[in-house]
Amino acid sequence: MRAGRLVAFPTETVYGLGADARNADAVREVFALKGRPATHPLIVHLHDATQLDDWAVDVPPAARRLAAAFWPGPLTLVLQRAARVPDAVTGGQDSVALRVPSHPVARALLQTFGGGIAAPSANRYGRVSATCAAHVRDEFGDALPCVLDGGDSDVGLESTIVSCLEDPPRLLRPGAITPAQLAAVAGGIAVGVAVNAPRVPGSTTSHYAPQTPVSLVSSISLDAAIAAGITAGHRLAVLSLRPTTANAASAVWLVGGTDPAVYAHALYANLRALDKAGCDRLLVEAVPTDAEWDAVRDRLSRAAAGDDVPASDLP
Ligand code: TXA
Ligand code: MG
């Protein structure tokens with residue numbers, strides 16, 4: 001990494017594709033390998049919160065409280081950038097996204113390296129994030145010389161992103177840390193995209209997407225959609241919350257479970273496995289509308305967004 005090379009590493013959320021955040025050439029290499037537009041900024045990973053002031057200025061008290069409460073952990077804070085942060089990292093914006101991960105391998109890497117590590121999720125642009133080393137290899141093959149293997153990512157979904165450029169802070173991307181938890185520490189939280197919002201590529205509608213077209217189907221219409229698809233001769237992949245009475249043998253089927261943390265942990269591995277099954281269509285049972293499912297629901301709706309066949313027209 002000191003030589004300007006890229007290193008993929010595990011975090012508790014998903015694997016990251018890391019480069020020395022002070023080395024603009026190395027950071028540009030990340031964008032090139034990922035196929036990501038240069039205007040979409042990266043998160044700078046730090047070993048601990050004491051490094052915050054090397055990267056950000058005018059850090060508001062609410063941001064310090066959030067950092068103290070949730071770092072190391074699956075929270076990213078967007079702050080006013082310090083002048084020394086390379087434009088390559090921020091896409092030329094005035095802000096910078098910072099995060100202190102908790103995965104022991106990420107922490108060891110950050111401690112040994114000493115500086116900030118700029119890293120997006122270790123997947124090709126627009127695709128499903130990687131939650132284990134083998135999935136990073138599937139994404140990049142030999143184009144990426146070094147992948148640190150730290151096992152499965154615990155959380156399985158990308159970090160909660162909070163912009164501290166506003167008062168109260170604003171939730172930009174839902175994750176494992178809920179709005180209620182954030183509000184309790186920050187003294188309030190705004191949710192949703194603001195006017196003049198910074199670019200958040202994860203927020204482009206189609207993202208986190210398998211190659212097989214994804215349709216979200218309500219629990220109540222799942223069995224009928226499967227039956228209709230099979231009758232029509234389609235090869236179906238199904239990700240459901242629980243086993244159903246539909247003819248499971250006729251589809252490639254995975255059950256995600258009804259616990260949101262368990263479902264999230266396995267979601268990207270499940271989507272990758274179903275995507276590899278060579279089906280015409282991937283039917284995903286819609287998840288509950290409760291707040292604890294917010295992050296999963298967000299990723300599923302983006303995975304389905306590229307699909308031009310509404311579930312109502314299935315198969
Ligand atoms: O859990 C995670 O956050 C993982 C691990 C590797 O840390 N990283 C990750 O990176 O998901 P990426 O690049 O796939 O998503 C980072 C998100 C993007 O949507 C990006 O637009 C947003 O963070 N972001 C980065 N800098 C920003 C900024 N200055 N203002 C607003 N959003 C920003
Ligand atoms: Mg990503």
# chains A, B, ... in the order shown; residues from 1 in each chain; ligands from 1
>>> residues_around(residues="A:Pro145", least_positions_apart="6", cutoff="10 Å", atoms="only C-alpha atoms", output="list in words")
Arg5, Leu6, Val7, Ala8 and Arg137 of chain A
>>> write_last_selection(atoms="all heavy atoms", output="short mmCIF file (atom, residue, chain, number, x, y, z; two decimals), in the first residue's frame")
data_model
loop_
_atom_site.label_atom_id
_atom_site.label_comp_id
_atom_site.auth_asym_id
_atom_site.auth_seq_id
_atom_site.Cartn_x
_atom_site.Cartn_y
_atom_site.Cartn_z
N ARG A 5 0.17 0.55 -4.30
CA ARG A 5 -0.62 -0.57 -4.82
C ARG A 5 -1.94 -0.66 -4.07
O ARG A 5 -2.10 -0.10 -3.00
CB ARG A 5 0.16 -1.88 -4.66
CG ARG A 5 1.57 -1.84 -5.21
CD ARG A 5 1.64 -1.91 -6.71
NE ARG A 5 1.10 -3.16 -7.25
CZ ARG A 5 1.78 -4.31 -7.32
NH1 ARG A 5 3.02 -4.38 -6.85
NH2 ARG A 5 1.22 -5.38 -7.84
N LEU A 6 -2.87 -1.43 -4.65
CA LEU A 6 -4.19 -1.60 -4.03
C LEU A 6 -4.24 -2.88 -3.20
O LEU A 6 -3.66 -3.89 -3.59
CB LEU A 6 -5.29 -1.67 -5.10
CG LEU A 6 -5.30 -0.55 -6.14
CD1 LEU A 6 -6.58 -0.64 -6.97
CD2 LEU A 6 -5.16 0.81 -5.50
N VAL A 7 -4.93 -2.82 -2.09
CA VAL A 7 -5.11 -3.98 -1.22
C VAL A 7 -6.58 -4.07 -0.82
O VAL A 7 -7.13 -3.12 -0.26
CB VAL A 7 -4.25 -3.85 0.07
CG1 VAL A 7 -4.52 -5.01 1.01
CG2 VAL A 7 -2.76 -3.79 -0.28
N ALA A 8 -7.22 -5.19 -1.13
CA ALA A 8 -8.59 -5.39 -0.65
C ALA A 8 -8.52 -5.95 0.76
O ALA A 8 -7.65 -6.75 1.08
CB ALA A 8 -9.35 -6.34 -1.56
N ARG A 137 -12.32 -11.83 -5.16
CA ARG A 137 -11.61 -12.50 -6.25
C ARG A 137 -12.52 -12.65 -7.47
O ARG A 137 -12.10 -12.44 -8.60
CB ARG A 137 -11.14 -13.89 -5.81
CG ARG A 137 -9.85 -13.86 -5.05
CD ARG A 137 -8.67 -14.07 -6.00
NE ARG A 137 -7.40 -13.89 -5.31
CZ ARG A 137 -6.68 -12.78 -5.38
NH1 ARG A 137 -7.07 -11.75 -6.10
NH2 ARG A 137 -5.55 -12.69 -4.72
#
>>> residues_near_ligand(ligand="ligand 2", cutoff="7 Å", atoms="only C-alpha atoms and all ligand atoms", output="compact mmCIF listing (two decimals) with N, CA, C and O atoms, in the first residue's frame")
# COMPACT_ATOMS: atom_id res chain seq x y z
N PRO A 120 -13.60 2.16 -1.50
CA PRO A 120 -15.00 1.87 -1.76
C PRO A 120 -15.24 0.39 -1.49
O PRO A 120 -14.29 -0.34 -1.19
N SER A 121 -16.47 -0.05 -1.60
CA SER A 121 -16.74 -1.49 -1.52
C SER A 121 -16.00 -2.19 -2.66
O SER A 121 -15.86 -1.64 -3.76
N ASN A 123 -16.17 -4.16 -5.21
CA ASN A 123 -16.98 -4.76 -6.27
C ASN A 123 -16.92 -3.84 -7.48
O ASN A 123 -16.63 -2.65 -7.35
N SER A 129 -21.97 -5.84 -3.49
CA SER A 129 -20.76 -5.74 -2.68
C SER A 129 -20.27 -7.13 -2.28
O SER A 129 -21.03 -8.10 -2.29
N GLY A 202 -24.11 5.29 -4.31
CA GLY A 202 -24.98 4.23 -3.80
C GLY A 202 -26.43 4.63 -3.88
O GLY A 202 -27.32 3.82 -3.72
>>> residues_around(residues="stretch 229-242 of chain A", least_positions_apart="3", cutoff="6 Å", atoms="only C-alpha atoms", output="PDB file with N, CA, C and O atoms, in the first residue's frame")
ATOM      1  N   ILE A 226     -44.579 -17.425  -8.439  1.00  0.00           N
ATOM      2  CA  ILE A 226     -43.731 -18.587  -8.721  1.00  0.00           C
ATOM      3  C   ILE A 226     -44.477 -19.578  -9.613  1.00  0.00           C
ATOM      4  O   ILE A 226     -43.952 -20.041 -10.634  1.00  0.00           O
ATOM      5  N   ALA A 251     -37.669 -24.322  -8.569  1.00  0.00           N
ATOM      6  CA  ALA A 251     -36.926 -23.058  -8.602  1.00  0.00           C
ATOM      7  C   ALA A 251     -35.618 -23.233  -7.830  1.00  0.00           C
ATOM      8  O   ALA A 251     -35.485 -24.157  -7.020  1.00  0.00           O
ATOM      9  N   VAL A 252     -34.660 -22.378  -8.105  1.00  0.00           N
ATOM     10  CA  VAL A 252     -33.451 -22.347  -7.286  1.00  0.00           C
ATOM     11  C   VAL A 252     -33.773 -21.425  -6.120  1.00  0.00           C
ATOM     12  O   VAL A 252     -34.044 -20.245  -6.317  1.00  0.00           O
ATOM     13  N   TRP A 253     -33.781 -21.964  -4.931  1.00  0.00           N
ATOM     14  CA  TRP A 253     -34.451 -21.277  -3.831  1.00  0.00           C
ATOM     15  C   TRP A 253     -33.516 -21.098  -2.635  1.00  0.00           C
ATOM     16  O   TRP A 253     -32.874 -22.053  -2.196  1.00  0.00           O
ATOM     17  N   LEU A 254     -33.466 -19.895  -2.084  1.00  0.00           N
ATOM     18  CA  LEU A 254     -32.770 -19.666  -0.822  1.00  0.00           C
ATOM     19  C   LEU A 254     -33.711 -18.944   0.135  1.00  0.00           C
ATOM     20  O   LEU A 254     -34.528 -18.120  -0.286  1.00  0.00           O
ATOM     21  N   VAL A 255     -33.592 -19.265   1.406  1.00  0.00           N
ATOM     22  CA  VAL A 255     -34.427 -18.634   2.434  1.00  0.00           C
ATOM     23  C   VAL A 255     -33.531 -17.714   3.267  1.00  0.00           C
ATOM     24  O   VAL A 255     -32.545 -18.163   3.843  1.00  0.00           O
ATOM     25  N   GLY A 256     -33.892 -16.418   3.289  1.00  0.00           N
ATOM     26  CA  GLY A 256     -33.062 -15.443   3.997  1.00  0.00           C
ATOM     27  C   GLY A 256     -33.348 -15.370   5.482  1.00  0.00           C
ATOM     28  O   GLY A 256     -32.512 -14.922   6.267  1.00  0.00           O
ATOM     29  N   GLY A 257     -34.552 -15.801   5.879  1.00  0.00           N
ATOM     30  CA  GLY A 257     -34.916 -15.771   7.290  1.00  0.00           C
ATOM     31  C   GLY A 257     -35.637 -14.498   7.674  1.00  0.00           C
ATOM     32  O   GLY A 257     -35.670 -13.524   6.916  1.00  0.00           O
ATOM     33  N   THR A 258     -36.207 -14.498   8.879  1.00  0.00           N
ATOM     34  CA  THR A 258     -37.064 -13.387   9.309  1.00  0.00           C
ATOM     35  C   THR A 258     -36.389 -12.485  10.351  1.00  0.00           C
ATOM     36  O   THR A 258     -37.017 -11.597  10.907  1.00  0.00           O
ATOM     37  N   CYS A 279     -30.575 -18.436 -13.956  1.00  0.00           N
ATOM     38  CA  CYS A 279     -32.035 -18.310 -14.086  1.00  0.00           C
ATOM     39  C   CYS A 279     -32.402 -17.089 -14.929  1.00  0.00           C
ATOM     40  O   CYS A 279     -31.591 -16.195 -15.137  1.00  0.00           O
ATOM     41  N   ASP A 280     -33.657 -17.057 -15.421  1.00  0.00           N
ATOM     42  CA  ASP A 280     -34.114 -15.910 -16.226  1.00  0.00           C
ATOM     43  C   ASP A 280     -34.525 -14.760 -15.329  1.00  0.00           C
ATOM     44  O   ASP A 280     -34.555 -13.610 -15.754  1.00  0.00           O
ATOM     45  N   ARG A 281     -34.932 -15.087 -14.129  1.00  0.00           N
ATOM     46  CA  ARG A 281     -35.509 -14.058 -13.271  1.00  0.00           C
ATOM     47  C   ARG A 281     -35.281 -14.418 -11.816  1.00  0.00           C
ATOM     48  O   ARG A 281     -35.331 -15.587 -11.457  1.00  0.00           O
ATOM     49  N   LEU A 282     -35.003 -13.396 -11.018  1.00  0.00           N
ATOM     50  CA  LEU A 282     -34.808 -13.597  -9.579  1.00  0.00           C
ATOM     51  C   LEU A 282     -35.963 -12.913  -8.849  1.00  0.00           C
ATOM     52  O   LEU A 282     -36.118 -11.689  -8.918  1.00  0.00           O
ATOM     53  N   LEU A 283     -36.798 -13.713  -8.206  1.00  0.00           N
ATOM     54  CA  LEU A 283     -37.930 -13.182  -7.434  1.00  0.00           C
ATOM     55  C   LEU A 283     -37.488 -13.042  -5.981  1.00  0.00           C
ATOM     56  O   LEU A 283     -37.047 -14.012  -5.367  1.00  0.00           O
ATOM     57  N   VAL A 284     -37.591 -11.834  -5.451  1.00  0.00           N
ATOM     58  CA  VAL A 284     -37.222 -11.596  -4.050  1.00  0.00           C
ATOM     59  C   VAL A 284     -38.478 -11.211  -3.282  1.00  0.00           C
ATOM     60  O   VAL A 284     -39.170 -10.256  -3.660  1.00  0.00           O
ATOM     61  N   GLU A 285     -38.780 -11.975  -2.246  1.00  0.00           N
ATOM     62  CA  GLU A 285     -39.928 -11.634  -1.398  1.00  0.00           C
ATOM     63  C   GLU A 285     -39.646 -10.309  -0.698  1.00  0.00           C
ATOM     64  O   GLU A 285     -38.584 -10.136  -0.070  1.00  0.00           O
ATOM     65  N   PRO A 315     -45.299 -13.473 -14.959  1.00  0.00           N
ATOM     66  CA  PRO A 315     -43.892 -13.623 -15.277  1.00  0.00           C
ATOM     67  C   PRO A 315     -43.525 -12.821 -16.537  1.00  0.00           C
ATOM     68  O   PRO A 315     -44.392 -12.544 -17.305  1.00  0.00           O
TER      69      PRO A 315
END
>>> residues_around(residues="stretch 76-84 of chain A", least_positions_apart="2", cutoff="6 Å", atoms="only C-alpha atoms", output="VMD selection string")
chain A and resid 55 to 57 94 to 99 161 to 165
>>> write_last_selection(atoms="N, CA, C and O atoms", output="PDB file, in the first residue's frame")
ATOM      1  N   TRP A  55      -8.145  14.999   8.743  1.00  0.00           N
ATOM      2  CA  TRP A  55      -8.893  14.851   7.490  1.00  0.00           C
ATOM      3  C   TRP A  55     -10.064  15.813   7.357  1.00  0.00           C
ATOM      4  O   TRP A  55     -10.534  16.072   6.252  1.00  0.00           O
ATOM      5  N   ALA A  56     -10.561  16.317   8.509  1.00  0.00           N
ATOM      6  CA  ALA A  56     -11.754  17.171   8.497  1.00  0.00           C
ATOM      7  C   ALA A  56     -11.511  18.439   9.298  1.00  0.00           C
ATOM      8  O   ALA A  56     -10.663  18.464  10.199  1.00  0.00           O
ATOM      9  N   VAL A  57     -12.252  19.489   8.948  1.00  0.00           N
ATOM     10  CA  VAL A  57     -12.206  20.742   9.721  1.00  0.00           C
ATOM     11  C   VAL A  57     -13.627  21.102  10.156  1.00  0.00           C
ATOM     12  O   VAL A  57     -14.601  20.566   9.608  1.00  0.00           O
ATOM     13  N   ASP A  94     -16.284  19.609  -1.331  1.00  0.00           N
ATOM     14  CA  ASP A  94     -15.742  20.257  -0.128  1.00  0.00           C
ATOM     15  C   ASP A  94     -15.809  19.355   1.090  1.00  0.00           C
ATOM     16  O   ASP A  94     -15.353  19.734   2.170  1.00  0.00           O
ATOM     17  N   SER A  95     -16.405  18.210   0.933  1.00  0.00           N
ATOM     18  CA  SER A  95     -16.611  17.335   2.084  1.00  0.00           C
ATOM     19  C   SER A  95     -15.817  16.044   1.919  1.00  0.00           C
ATOM     20  O   SER A  95     -15.346  15.723   0.833  1.00  0.00           O
ATOM     21  N   VAL A  96     -15.668  15.330   3.030  1.00  0.00           N
ATOM     22  CA  VAL A  96     -14.975  14.036   3.000  1.00  0.00           C
ATOM     23  C   VAL A  96     -15.745  13.066   3.901  1.00  0.00           C
ATOM     24  O   VAL A  96     -16.291  13.459   4.930  1.00  0.00           O
ATOM     25  N   ALA A  97     -15.796  11.814   3.475  1.00  0.00           N
ATOM     26  CA  ALA A  97     -16.478  10.776   4.259  1.00  0.00           C
ATOM     27  C   ALA A  97     -15.426   9.980   5.034  1.00  0.00           C
ATOM     28  O   ALA A  97     -14.439   9.534   4.465  1.00  0.00           O
ATOM     29  N   LEU A  98     -15.631   9.823   6.352  1.00  0.00           N
ATOM     30  CA  LEU A  98     -14.647   9.171   7.226  1.00  0.00           C
ATOM     31  C   LEU A  98     -15.300   8.053   8.015  1.00  0.00           C
ATOM     32  O   LEU A  98     -16.467   8.162   8.432  1.00  0.00           O
ATOM     33  N   ARG A  99     -14.516   6.991   8.224  1.00  0.00           N
ATOM     34  CA  ARG A  99     -15.060   5.857   8.984  1.00  0.00           C
ATOM     35  C   ARG A  99     -13.930   5.119   9.676  1.00  0.00           C
ATOM     36  O   ARG A  99     -12.843   4.957   9.116  1.00  0.00           O
ATOM     37  N   ILE A 161     -24.414   5.982   6.515  1.00  0.00           N
ATOM     38  CA  ILE A 161     -23.720   7.250   6.224  1.00  0.00           C
ATOM     39  C   ILE A 161     -24.547   8.417   6.749  1.00  0.00           C
ATOM     40  O   ILE A 161     -25.744   8.526   6.453  1.00  0.00           O
ATOM     41  N   VAL A 162     -23.885   9.286   7.529  1.00  0.00           N
ATOM     42  CA  VAL A 162     -24.538  10.451   8.116  1.00  0.00           C
ATOM     43  C   VAL A 162     -23.760  11.698   7.720  1.00  0.00           C
ATOM     44  O   VAL A 162     -22.552  11.783   7.936  1.00  0.00           O
ATOM     45  N   SER A 163     -24.447  12.670   7.134  1.00  0.00           N
ATOM     46  CA  SER A 163     -23.811  13.943   6.832  1.00  0.00           C
ATOM     47  C   SER A 163     -23.895  14.852   8.039  1.00  0.00           C
ATOM     48  O   SER A 163     -24.992  15.153   8.533  1.00  0.00           O
ATOM     49  N   CYS A 164     -22.733  15.311   8.514  1.00  0.00           N
ATOM     50  CA  CYS A 164     -22.685  16.251   9.634  1.00  0.00           C
ATOM     51  C   CYS A 164     -22.453  17.665   9.123  1.00  0.00           C
ATOM     52  O   CYS A 164     -21.993  18.541   9.848  1.00  0.00           O
ATOM     53  N   LEU A 165     -22.764  17.905   7.852  1.00  0.00           N
ATOM     54  CA  LEU A 165     -22.658  19.252   7.273  1.00  0.00           C
ATOM     55  C   LEU A 165     -23.906  20.058   7.606  1.00  0.00           C
ATOM     56  O   LEU A 165     -23.967  21.250   7.327  1.00  0.00           O
TER      57      LEU A 165
END
>>> closest_residue(among="A:Thr131, A:Thr50, A:Ser159, A:Thr13", to="A:Leu75", atoms="only C-alpha atoms")
A:Ser159
>>> closest_residue(among="A:Ala277, A:Val27, A:Val191, A:Ala119", to="ligand 1", atoms="only C-alpha atoms and all ligand atoms")
A:Ala119
>>> select_by_dssp(residues="stretch 113-197 of chain A", states="helix (DSSP H, G or I)", output="PyMOL selection string")
chain A and resi 113+133-143+179-186
>>> write_last_selection(atoms="C-alpha atoms", output="mmCIF file, in the first residue's frame")
data_model
loop_
_atom_site.group_PDB
_atom_site.id
_atom_site.type_symbol
_atom_site.label_atom_id
_atom_site.label_comp_id
_atom_site.auth_asym_id
_atom_site.auth_seq_id
_atom_site.Cartn_x
_atom_site.Cartn_y
_atom_site.Cartn_z
ATOM 1 C CA PHE A 113 -0.104 1.460 7.665
ATOM 2 C CA ALA A 133 -12.449 -12.755 0.085
ATOM 3 C CA ALA A 134 -13.651 -15.226 -2.566
ATOM 4 C CA HIS A 135 -16.272 -12.730 -3.730
ATOM 5 C CA VAL A 136 -13.596 -10.043 -4.107
ATOM 6 C CA ARG A 137 -11.609 -12.502 -6.252
ATOM 7 C CA ASP A 138 -14.740 -13.184 -8.337
ATOM 8 C CA GLU A 139 -15.041 -9.427 -8.974
ATOM 9 C CA PHE A 140 -11.459 -8.587 -9.905
ATOM 10 C CA GLY A 141 -9.523 -11.815 -10.520
ATOM 11 C CA ASP A 142 -5.814 -11.321 -11.169
ATOM 12 C CA ALA A 143 -6.274 -7.591 -11.762
ATOM 13 C CA PRO A 179 -32.026 6.537 12.884
ATOM 14 C CA ALA A 180 -33.292 6.133 16.461
ATOM 15 C CA GLN A 181 -29.798 5.175 17.691
ATOM 16 C CA LEU A 182 -28.276 8.113 15.793
ATOM 17 C CA ALA A 183 -30.867 10.600 17.036
ATOM 18 C CA ALA A 184 -30.328 9.548 20.635
ATOM 19 C CA VAL A 185 -26.620 10.432 20.388
ATOM 20 C CA ALA A 186 -26.705 13.371 17.961
#
>>> select_by_dssp(residues="stretch 69-313 of chain A", states="strand (DSSP E)", output="PyMOL selection string")
chain A and resi 75-81+95-99+117-119+160-163+170-173+190-191+214-217+236-240+251-255+281-285
>>> closest_residue(among="A:Pro168, A:Gly4, A:Pro101, A:Pro86", to="ligand 1", atoms="only C-alpha atoms and all ligand atoms")
A:Pro101
>>> residues_around(residues="stretch 150-154 of chain A", least_positions_apart="3", cutoff="12 Å", atoms="only C-alpha atoms", output="VMD selection string")
chain A and resid 8 to 16 73 to 74 101 to 109 121 129 to 136 147 157 to 159 176 261 to 269
>>> write_last_selection(atoms="C-alpha atoms", output="PDB file, in the first residue's frame")
ATOM      1  CA  ALA A   8      -8.592  -5.390  -0.650  1.00  0.00           C
ATOM      2  CA  PHE A   9      -9.385  -5.891   3.021  1.00  0.00           C
ATOM      3  CA  PRO A  10     -12.251  -7.099   5.208  1.00  0.00           C
ATOM      4  CA  THR A  11     -14.414  -4.772   7.259  1.00  0.00           C
ATOM      5  CA  GLU A  12     -17.383  -5.638   9.463  1.00  0.00           C
ATOM      6  CA  THR A  13     -19.749  -4.229   6.802  1.00  0.00           C
ATOM      7  CA  VAL A  14     -18.352  -5.385   3.426  1.00  0.00           C
ATOM      8  CA  TYR A  15     -14.856  -5.792   1.920  1.00  0.00           C
ATOM      9  CA  GLY A  16     -13.094  -2.603   0.815  1.00  0.00           C
ATOM     10  CA  GLY A  73     -18.101   0.433  13.854  1.00  0.00           C
ATOM     11  CA  PRO A  74     -20.360   0.578  10.799  1.00  0.00           C
ATOM     12  CA  PRO A 101     -14.019   0.141  10.987  1.00  0.00           C
ATOM     13  CA  SER A 102     -14.092  -2.465  13.754  1.00  0.00           C
ATOM     14  CA  HIS A 103     -12.960  -5.601  11.906  1.00  0.00           C
ATOM     15  CA  PRO A 104      -9.708  -6.762  13.567  1.00  0.00           C
ATOM     16  CA  VAL A 105      -7.916  -7.257  10.222  1.00  0.00           C
ATOM     17  CA  ALA A 106      -8.945  -3.766   9.046  1.00  0.00           C
ATOM     18  CA  ARG A 107      -7.764  -2.335  12.363  1.00  0.00           C
ATOM     19  CA  ALA A 108      -4.433  -4.139  12.158  1.00  0.00           C
ATOM     20  CA  LEU A 109      -3.935  -2.931   8.578  1.00  0.00           C
ATOM     21  CA  SER A 121     -16.737  -1.489  -1.520  1.00  0.00           C
ATOM     22  CA  SER A 129     -20.758  -5.737  -2.680  1.00  0.00           C
ATOM     23  CA  ALA A 130     -18.370  -8.490  -1.548  1.00  0.00           C
ATOM     24  CA  THR A 131     -18.687  -9.953   1.954  1.00  0.00           C
ATOM     25  CA  CYS A 132     -15.860 -12.506   1.762  1.00  0.00           C
ATOM     26  CA  ALA A 133     -12.449 -12.755   0.085  1.00  0.00           C
ATOM     27  CA  ALA A 134     -13.651 -15.226  -2.566  1.00  0.00           C
ATOM     28  CA  HIS A 135     -16.272 -12.730  -3.730  1.00  0.00           C
ATOM     29  CA  VAL A 136     -13.596 -10.043  -4.107  1.00  0.00           C
ATOM     30  CA  VAL A 147      -6.840  -9.590  -0.968  1.00  0.00           C
ATOM     31  CA  LEU A 157     -24.398  -4.372   4.374  1.00  0.00           C
ATOM     32  CA  GLU A 158     -22.475  -1.134   3.797  1.00  0.00           C
ATOM     33  CA  SER A 159     -22.092   1.386   6.627  1.00  0.00           C
ATOM     34  CA  ALA A 176     -26.983  -1.344  10.715  1.00  0.00           C
ATOM     35  CA  ALA A 261     -29.524  -8.944  11.033  1.00  0.00           C
ATOM     36  CA  VAL A 262     -29.274 -12.578   9.905  1.00  0.00           C
ATOM     37  CA  TYR A 263     -30.898 -11.729   6.570  1.00  0.00           C
ATOM     38  CA  ALA A 264     -28.508  -8.791   6.022  1.00  0.00           C
ATOM     39  CA  HIS A 265     -25.439 -10.852   6.921  1.00  0.00           C
ATOM     40  CA  ALA A 266     -26.206 -13.365   4.143  1.00  0.00           C
ATOM     41  CA  LEU A 267     -27.923 -11.071   1.616  1.00  0.00           C
ATOM     42  CA  TYR A 268     -25.063 -10.415  -0.821  1.00  0.00           C
ATOM     43  CA  ALA A 269     -23.811 -14.014  -0.681  1.00  0.00           C
TER      44      ALA A 269
END
>>> decode(residues="stretch 233-246 of chain A", atoms="N, CA and C atoms", output="PDB file, in the first residue's frame")
ATOM      1  N   GLY A 233     -42.749 -21.553 -18.152  1.00  0.00           N
ATOM      2  CA  GLY A 233     -41.489 -22.152 -18.586  1.00  0.00           C
ATOM      3  C   GLY A 233     -40.249 -21.372 -18.178  1.00  0.00           C
ATOM      4  N   HIS A 234     -40.399 -20.439 -17.259  1.00  0.00           N
ATOM      5  CA  HIS A 234     -39.230 -19.680 -16.802  1.00  0.00           C
ATOM      6  C   HIS A 234     -38.415 -20.477 -15.803  1.00  0.00           C
ATOM      7  N   ARG A 235     -37.118 -20.226 -15.815  1.00  0.00           N
ATOM      8  CA  ARG A 235     -36.241 -20.776 -14.787  1.00  0.00           C
ATOM      9  C   ARG A 235     -36.119 -19.701 -13.717  1.00  0.00           C
ATOM     10  N   LEU A 236     -36.650 -19.981 -12.543  1.00  0.00           N
ATOM     11  CA  LEU A 236     -36.748 -18.967 -11.500  1.00  0.00           C
ATOM     12  C   LEU A 236     -35.745 -19.184 -10.373  1.00  0.00           C
ATOM     13  N   ALA A 237     -35.177 -18.088  -9.898  1.00  0.00           N
ATOM     14  CA  ALA A 237     -34.454 -18.100  -8.631  1.00  0.00           C
ATOM     15  C   ALA A 237     -35.333 -17.351  -7.631  1.00  0.00           C
ATOM     16  N   VAL A 238     -35.352 -17.810  -6.388  1.00  0.00           N
ATOM     17  CA  VAL A 238     -36.220 -17.197  -5.381  1.00  0.00           C
ATOM     18  C   VAL A 238     -35.419 -16.951  -4.102  1.00  0.00           C
ATOM     19  N   LEU A 239     -35.557 -15.738  -3.567  1.00  0.00           N
ATOM     20  CA  LEU A 239     -35.047 -15.446  -2.220  1.00  0.00           C
ATOM     21  C   LEU A 239     -36.258 -15.044  -1.383  1.00  0.00           C
ATOM     22  N   SER A 240     -36.614 -15.907  -0.430  1.00  0.00           N
ATOM     23  CA  SER A 240     -37.810 -15.629   0.369  1.00  0.00           C
ATOM     24  C   SER A 240     -37.425 -15.437   1.828  1.00  0.00           C
ATOM     25  N   LEU A 241     -38.389 -14.965   2.606  1.00  0.00           N
ATOM     26  CA  LEU A 241     -38.175 -14.787   4.041  1.00  0.00           C
ATOM     27  C   LEU A 241     -38.291 -16.114   4.777  1.00  0.00           C
ATOM     28  N   ARG A 242     -39.176 -16.969   4.294  1.00  0.00           N
ATOM     29  CA  ARG A 242     -39.420 -18.272   4.918  1.00  0.00           C
ATOM     30  C   ARG A 242     -39.811 -19.247   3.835  1.00  0.00           C
ATOM     31  N   PRO A 243     -39.725 -20.537   4.124  1.00  0.00           N
ATOM     32  CA  PRO A 243     -40.177 -21.520   3.128  1.00  0.00           C
ATOM     33  C   PRO A 243     -41.673 -21.314   2.887  1.00  0.00           C
ATOM     34  N   THR A 244     -42.138 -21.559   1.662  1.00  0.00           N
ATOM     35  CA  THR A 244     -43.573 -21.434   1.395  1.00  0.00           C
ATOM     36  C   THR A 244     -44.077 -22.748   0.821  1.00  0.00           C
ATOM     37  N   THR A 245     -45.351 -22.777   0.530  1.00  0.00           N
ATOM     38  CA  THR A 245     -45.956 -24.012   0.014  1.00  0.00           C
ATOM     39  C   THR A 245     -45.756 -24.152  -1.487  1.00  0.00           C
ATOM     40  N   ALA A 246     -45.153 -23.137  -2.141  1.00  0.00           N
ATOM     41  CA  ALA A 246     -44.938 -23.234  -3.587  1.00  0.00           C
ATOM     42  C   ALA A 246     -44.008 -24.406  -3.895  1.00  0.00           C
TER      43      ALA A 246
END
